[in-house]
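The structure appears right after this line, and notes come after that.
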Amino acid sequence: MMADGCIQTSAKQKKRHPSYCIRRGIRAAVKCCGDGPEHNGGTGMSDKRQDYISWDEYFMGVARLSALRSKDPHTQVGACIVSSNNKILSMGYNGLPMGCSDDAYPWAREGKDELETKYVYTVHSELNAILNYRGGSLEGAKIYVTLFPCNECTKAIIQAGIREIIYAEDKYADSISVLASKRMLRSAGVNFYQYQTTGRKLEIEL
């Protein structure tokens, strides 16, 4: 009969009694089951995978994957909102409001008529992620975003109660919009820092 919860014996004990296990401090002449985290070559460590992705990699990866849904030919941005205990609450990407066809509205950056540019129509990823959430309060949550939030999204982030921003890129750091964002975030006590890429490359077949 095998012993549940047995732990590996010492090297000396194994030499004397190769089939012995110790259970609850009592030596028993039973064959070791060899199962569970107690058994891994006598190391006392589990045999779980060691190359799994971190929480930061996971959530930034979800944000990057969300960005691939954007129809914007110039800039694709994704966001992922996460609870304080690492549960995904919502996601979003930059795009048009519901009911507005991606084929009927302009995606141009410039034009003689401002109504023929994308800027007056698109909703940014951060705001979309906030508006997509239907679960109640976002108080104390954090948001992973592929591009530092503009001043308008920053207002929504602060008002929603999100307390931390993890961003991948800050290519408009010197713009009025981002400078205003950082000023508001500091005043509101919202923490923000840049995601440190690990260089890990993942291949997903879809």
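Letters A, B, ... mark the chains of the structure tokens in the order given; residue numbers begin at 1 per chain; ligand numbers begin at 1, in order shown.
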Closest atom pairs, residues of segment 129-154 of chain A within 12 Å of segment 115-123 of chain A, only C-alpha atoms, as JSON lines:
{"residue": "A:Ala129", "atom": "CA", "partner": "A:Val123", "partner_atom": "CA", "distance": 10.0}
{"residue": "A:Ile130", "atom": "CA", "partner": "A:Val123", "partner_atom": "CA", "distance": 11.1}
{"residue": "A:Leu131", "atom": "CA", "partner": "A:Val123", "partner_atom": "CA", "distance": 10.2}
{"residue": "A:Asn132", "atom": "CA", "partner": "A:Val123", "partner_atom": "CA", "distance": 11.7}
{"residue": "A:Cys150", "atom": "CA", "partner": "A:Val123", "partner_atom": "CA", "distance": 11.5}
{"residue": "A:Glu152", "atom": "CA", "partner": "A:Val123", "partner_atom": "CA", "distance": 10.4}
{"residue": "A:Cys153", "atom": "CA", "partner": "A:Val123", "partner_atom": "CA", "distance": 9.4}
Spatial neighbours of His74 of chain A, max dist 12 Å, only C-alpha atoms, sep filter under 2 positions, as a PDB file with C-alpha atoms, in the first residue's frame:
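Wrote result11.pdb, looks like this:
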ATOM      1  CA  ALA A  67      -4.104  46.025 -30.608  1.00  0.00           C
ATOM      2  CA  LEU A  68      -4.133  43.645 -33.571  1.00  0.00           C
ATOM      3  CA  SER A  70      -7.577  47.755 -34.604  1.00  0.00           C
ATOM      4  CA  LYS A  71      -8.504  48.757 -38.160  1.00  0.00           C
ATOM      5  CA  ASP A  72      -6.345  51.899 -37.996  1.00  0.00           C
ATOM      6  CA  GLN A  76      -2.690  50.107 -33.405  1.00  0.00           C
ATOM      7  CA  VAL A  77      -2.985  50.418 -29.613  1.00  0.00           C
ATOM      8  CA  ASN A  94      -8.483  51.995 -30.800  1.00  0.00           C
ATOM      9  CA  GLY A  95     -11.430  52.024 -33.160  1.00  0.00           C
ATOM     10  CA  TRP A 107      -8.757  56.653 -41.401  1.00  0.00           C
ATOM     11  CA  ALA A 108      -6.619  59.517 -42.738  1.00  0.00           C
ATOM     12  CA  ARG A 109      -4.354  61.489 -40.422  1.00  0.00           C
ATOM     13  CA  GLU A 110      -4.601  64.713 -42.404  1.00  0.00           C
ATOM     14  CA  LYS A 118      -9.839  59.758 -38.094  1.00  0.00           C
ATOM     15  CA  TYR A 119      -9.259  61.892 -35.005  1.00  0.00           C
TER      16      TYR A 119
END
Per residue of segment 108-157 of chain A within 10 Å of segment 194-205 of chain A, record the nearest atom pair and its distance in Å to one decimal, counting only C-alpha atoms, with rows in chain order and ascending residue number, as a Markdown table.
| residue | atom | partner | partner_atom | distance |
| --- | --- | --- | --- | --- |
| A:Tyr144 | CA | A:Tyr195 | CA | 8.7 |
| A:Val145 | CA | A:Tyr195 | CA | 9.3 |
| A:Thr146 | CA | A:Tyr195 | CA | 9.1 |
| A:Leu147 | CA | A:Gln194 | CA | 9.7 |
| A:Phe148 | CA | A:Gln194 | CA | 8.8 |
Kindly export the residues of the current selection with all heavy atoms, as a PDB file, in the first residue's frame.
ATOM      1  N   TYR A 144      -2.701  47.959 -18.436  1.00  0.00           N
ATOM      2  CA  TYR A 144      -1.552  47.734 -19.305  1.00  0.00           C
ATOM      3  C   TYR A 144      -1.924  48.291 -20.678  1.00  0.00           C
ATOM      4  O   TYR A 144      -2.990  47.970 -21.229  1.00  0.00           O
ATOM      5  CB  TYR A 144      -1.240  46.245 -19.427  1.00  0.00           C
ATOM      6  CG  TYR A 144      -0.649  45.628 -18.185  1.00  0.00           C
ATOM      7  CD1 TYR A 144      -1.450  45.325 -17.088  1.00  0.00           C
ATOM      8  CD2 TYR A 144       0.715  45.350 -18.107  1.00  0.00           C
ATOM      9  CE1 TYR A 144      -0.904  44.764 -15.940  1.00  0.00           C
ATOM     10  CE2 TYR A 144       1.269  44.788 -16.965  1.00  0.00           C
ATOM     11  CZ  TYR A 144       0.449  44.497 -15.885  1.00  0.00           C
ATOM     12  OH  TYR A 144       0.993  43.946 -14.751  1.00  0.00           O
ATOM     13  N   VAL A 145      -1.070  49.127 -21.229  1.00  0.00           N
ATOM     14  CA  VAL A 145      -1.367  49.749 -22.517  1.00  0.00           C
ATOM     15  C   VAL A 145      -0.107  49.809 -23.360  1.00  0.00           C
ATOM     16  O   VAL A 145       0.996  49.998 -22.842  1.00  0.00           O
ATOM     17  CB  VAL A 145      -1.995  51.145 -22.290  1.00  0.00           C
ATOM     18  CG1 VAL A 145      -1.017  52.082 -21.587  1.00  0.00           C
ATOM     19  CG2 VAL A 145      -2.512  51.745 -23.575  1.00  0.00           C
ATOM     20  N   THR A 146      -0.259  49.649 -24.659  1.00  0.00           N
ATOM     21  CA  THR A 146       0.916  49.580 -25.529  1.00  0.00           C
ATOM     22  C   THR A 146       1.507  50.948 -25.836  1.00  0.00           C
ATOM     23  O   THR A 146       2.642  51.043 -26.293  1.00  0.00           O
ATOM     24  CB  THR A 146       0.580  48.864 -26.847  1.00  0.00           C
ATOM     25  OG1 THR A 146      -0.495  49.545 -27.503  1.00  0.00           O
ATOM     26  CG2 THR A 146       0.160  47.416 -26.571  1.00  0.00           C
ATOM     27  N   LEU A 147       0.735  52.022 -25.596  1.00  0.00           N
ATOM     28  CA  LEU A 147       1.216  53.379 -25.831  1.00  0.00           C
ATOM     29  C   LEU A 147       0.755  54.271 -24.680  1.00  0.00           C
ATOM     30  O   LEU A 147      -0.389  54.155 -24.218  1.00  0.00           O
ATOM     31  CB  LEU A 147       0.666  53.916 -27.159  1.00  0.00           C
ATOM     32  CG  LEU A 147       1.135  55.298 -27.621  1.00  0.00           C
ATOM     33  CD1 LEU A 147       2.644  55.303 -27.878  1.00  0.00           C
ATOM     34  CD2 LEU A 147       0.378  55.722 -28.882  1.00  0.00           C
ATOM     35  N   PHE A 148       1.624  55.170 -24.228  1.00  0.00           N
ATOM     36  CA  PHE A 148       1.267  56.023 -23.085  1.00  0.00           C
ATOM     37  C   PHE A 148      -0.033  56.780 -23.370  1.00  0.00           C
ATOM     38  O   PHE A 148      -0.215  57.338 -24.451  1.00  0.00           O
ATOM     39  CB  PHE A 148       2.388  57.017 -22.782  1.00  0.00           C
ATOM     40  CG  PHE A 148       2.294  57.603 -21.404  1.00  0.00           C
ATOM     41  CD1 PHE A 148       2.996  57.036 -20.355  1.00  0.00           C
ATOM     42  CD2 PHE A 148       1.470  58.695 -21.160  1.00  0.00           C
ATOM     43  CE1 PHE A 148       2.893  57.555 -19.066  1.00  0.00           C
ATOM     44  CE2 PHE A 148       1.363  59.225 -19.879  1.00  0.00           C
ATOM     45  CZ  PHE A 148       2.067  58.649 -18.828  1.00  0.00           C
TER      46      PHE A 148
END
Exercise. Closest to His124 of chain A among A:Gln50, A:Thr75, A:Ser90, A:Ile162, using only C-alpha atoms?
Worked result: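 Among A:Gln50, A:Thr75, A:Ser90, A:Ile162, it is A:Thr75 that comes nearest to His124 of chain A.
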For this session: Write out as a ChimeraX atom specification all residues of segment 23-204 of chain A that backbone DSSP assigns to strand (DSSP E or B).
Result: /A:23,26-28,78-82,88-93,95,123,142-147,164-169,191-194
Okay, now the selection with N, CA, C and O atoms, as a compact mmCIF listing (two decimals), in the first residue's frame?
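The resulting file, again-v2.txt, is reproduced below:
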# COMPACT_ATOMS: atom_id res chain seq x y z
N ARG A 23 6.55 9.37 6.54
CA ARG A 23 5.25 10.03 6.57
C ARG A 23 4.98 10.47 7.99
O ARG A 23 4.99 9.68 8.91
N ILE A 26 7.27 9.34 10.75
CA ILE A 26 7.37 7.92 11.13
C ILE A 26 7.87 7.13 9.94
O ILE A 26 7.31 7.20 8.85
N ARG A 27 8.94 6.35 10.14
CA ARG A 27 9.48 5.55 9.06
C ARG A 27 8.58 4.34 8.85
O ARG A 27 8.22 3.64 9.78
N ALA A 28 8.17 4.14 7.58
CA ALA A 28 7.29 3.02 7.28
C ALA A 28 7.88 2.23 6.13
O ALA A 28 8.38 2.80 5.18
N GLY A 78 -3.45 48.77 -27.91
CA GLY A 78 -4.30 47.88 -27.13
C GLY A 78 -4.15 48.14 -25.64
O GLY A 78 -3.12 48.65 -25.19
N ALA A 79 -5.20 47.83 -24.89
CA ALA A 79 -5.19 48.03 -23.44
C ALA A 79 -5.83 46.84 -22.74
O ALA A 79 -6.74 46.20 -23.29
N CYS A 80 -5.34 46.56 -21.55
CA CYS A 80 -5.87 45.46 -20.74
C CYS A 80 -5.96 45.94 -19.29
O CYS A 80 -4.95 46.32 -18.71
N ILE A 81 -7.17 45.92 -18.72
CA ILE A 81 -7.38 46.34 -17.34
C ILE A 81 -7.40 45.10 -16.44
O ILE A 81 -8.07 44.12 -16.75
N VAL A 82 -6.65 45.19 -15.34
CA VAL A 82 -6.44 44.03 -14.46
C VAL A 82 -6.74 44.43 -13.02
O VAL A 82 -6.41 45.53 -12.58
N ILE A 88 -8.11 39.54 -15.20
CA ILE A 88 -8.40 40.44 -16.32
C ILE A 88 -9.86 40.90 -16.22
O ILE A 88 -10.77 40.09 -16.11
N LEU A 89 -10.05 42.22 -16.25
CA LEU A 89 -11.38 42.81 -16.13
C LEU A 89 -11.95 43.27 -17.47
O LEU A 89 -13.14 43.16 -17.72
N SER A 90 -11.09 43.82 -18.32
CA SER A 90 -11.57 44.35 -19.59
C SER A 90 -10.41 44.56 -20.55
O SER A 90 -9.25 44.62 -20.12
N MET A 91 -10.74 44.68 -21.82
CA MET A 91 -9.74 44.94 -22.86
C MET A 91 -10.30 45.94 -23.85
O MET A 91 -11.52 46.14 -23.93
N GLY A 92 -9.44 46.55 -24.62
CA GLY A 92 -9.90 47.49 -25.63
C GLY A 92 -8.81 47.80 -26.64
O GLY A 92 -7.63 47.53 -26.39
N TYR A 93 -9.21 48.34 -27.76
CA TYR A 93 -8.26 48.79 -28.78
C TYR A 93 -8.84 50.02 -29.45
O TYR A 93 -10.03 50.33 -29.30
N GLY A 95 -10.51 52.28 -32.05
CA GLY A 95 -11.43 52.02 -33.16
C GLY A 95 -12.64 52.93 -33.10
O GLY A 95 -12.73 53.83 -32.25
N VAL A 123 -12.19 56.06 -30.93
CA VAL A 123 -12.13 55.94 -29.48
C VAL A 123 -10.83 55.23 -29.14
O VAL A 123 -10.52 54.18 -29.71
N LYS A 142 -5.38 48.20 -12.33
CA LYS A 142 -4.23 48.70 -13.09
C LYS A 142 -4.50 48.46 -14.57
O LYS A 142 -5.30 47.59 -14.93
N ILE A 143 -3.87 49.25 -15.42
CA ILE A 143 -4.09 49.11 -16.85
C ILE A 143 -2.77 48.95 -17.58
O ILE A 143 -1.80 49.68 -17.32
N TYR A 144 -2.70 47.96 -18.44
CA TYR A 144 -1.55 47.73 -19.30
C TYR A 144 -1.92 48.29 -20.68
O TYR A 144 -2.99 47.97 -21.23
N VAL A 145 -1.07 49.13 -21.23
CA VAL A 145 -1.37 49.75 -22.52
C VAL A 145 -0.11 49.81 -23.36
O VAL A 145 1.00 50.00 -22.84
N THR A 146 -0.26 49.65 -24.66
CA THR A 146 0.92 49.58 -25.53
C THR A 146 1.51 50.95 -25.84
O THR A 146 2.64 51.04 -26.29
N LEU A 147 0.73 52.02 -25.60
CA LEU A 147 1.22 53.38 -25.83
C LEU A 147 0.75 54.27 -24.68
O LEU A 147 -0.39 54.16 -24.22
N GLU A 164 -2.83 52.38 -11.37
CA GLU A 164 -1.50 52.11 -11.92
C GLU A 164 -1.58 51.93 -13.43
O GLU A 164 -2.50 51.28 -13.94
N ILE A 165 -0.60 52.50 -14.12
CA ILE A 165 -0.50 52.36 -15.58
C ILE A 165 0.85 51.74 -15.91
O ILE A 165 1.89 52.21 -15.46
N ILE A 166 0.81 50.67 -16.70
CA ILE A 166 2.04 50.05 -17.20
C ILE A 166 2.00 50.21 -18.72
O ILE A 166 1.09 49.68 -19.38
N TYR A 167 2.92 50.95 -19.26
CA TYR A 167 2.89 51.25 -20.69
C TYR A 167 4.12 50.68 -21.39
O TYR A 167 5.19 50.55 -20.80
N ALA A 168 3.96 50.35 -22.67
CA ALA A 168 5.08 49.78 -23.43
C ALA A 168 5.90 50.86 -24.12
O ALA A 168 7.12 50.86 -24.05
N GLU A 169 5.24 51.80 -24.79
CA GLU A 169 5.94 52.84 -25.55
C GLU A 169 5.51 54.22 -25.08
O GLU A 169 4.40 54.40 -24.59
N ASN A 191 0.21 55.79 -10.08
CA ASN A 191 1.56 55.32 -10.41
C ASN A 191 1.63 54.93 -11.89
O ASN A 191 0.68 54.36 -12.43
N PHE A 192 2.74 55.23 -12.54
CA PHE A 192 2.93 54.78 -13.92
C PHE A 192 4.40 54.44 -14.14
O PHE A 192 5.29 55.10 -13.61
N TYR A 193 4.64 53.39 -14.90
CA TYR A 193 6.02 53.01 -15.23
C TYR A 193 6.03 52.25 -16.54
O TYR A 193 5.03 51.68 -16.98
N GLN A 194 7.19 52.24 -17.17
CA GLN A 194 7.33 51.59 -18.47
C GLN A 194 7.61 50.10 -18.31
O GLN A 194 8.43 49.69 -17.48
Exercise. Please, which residues of segment 20-194 of chain A, numbered as in this document, come out helix (DSSP H, G or I) from DSSP, as a PyMOL selection string?
Worked result: chain A and resi 55-67+114-116+118-120+125-132+151-160+176-188
For this session: Write out as a list in words the residues lying within 8 Å of segment 183-189 of chain A, counting only C-alpha atoms and excluding same-chain residues fewer than 2 positions away.
Result: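 Near neighbours after the sequence-gap exclusion: Thr154, Lys155, Ile158, Arg163, Leu179, Ala180, Ser181, Asn191 and Phe192 of chain A.
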Can I get the selected residues back with C-alpha atoms, as a compact mmCIF listing (two decimals), in the first residue's frame?
# COMPACT_ATOMS: atom_id res chain seq x y z
CA THR A 154 -5.80 59.89 -18.63
CA LYS A 155 -8.79 61.84 -17.32
CA ILE A 158 -8.17 58.78 -13.05
CA ARG A 163 -4.32 53.35 -9.69
CA LEU A 179 2.99 66.12 -20.67
CA ALA A 180 -0.48 67.03 -19.45
CA SER A 181 -1.20 63.35 -18.78
CA ASN A 191 1.56 55.32 -10.41
CA PHE A 192 2.93 54.78 -13.92
Problem set entry | Atomic distance atom CA of Ser177 of chain A - atom CA of Pro149 of chain A, expressed in Å with one decimal | 8.6 Å
Exercise. Between A:Val178, A:Asp51, A:Asp102, A:Ser84, which one has atoms that come closest to Leu138 of chain A, using only C-alpha atoms?
Worked result: A:Ser84
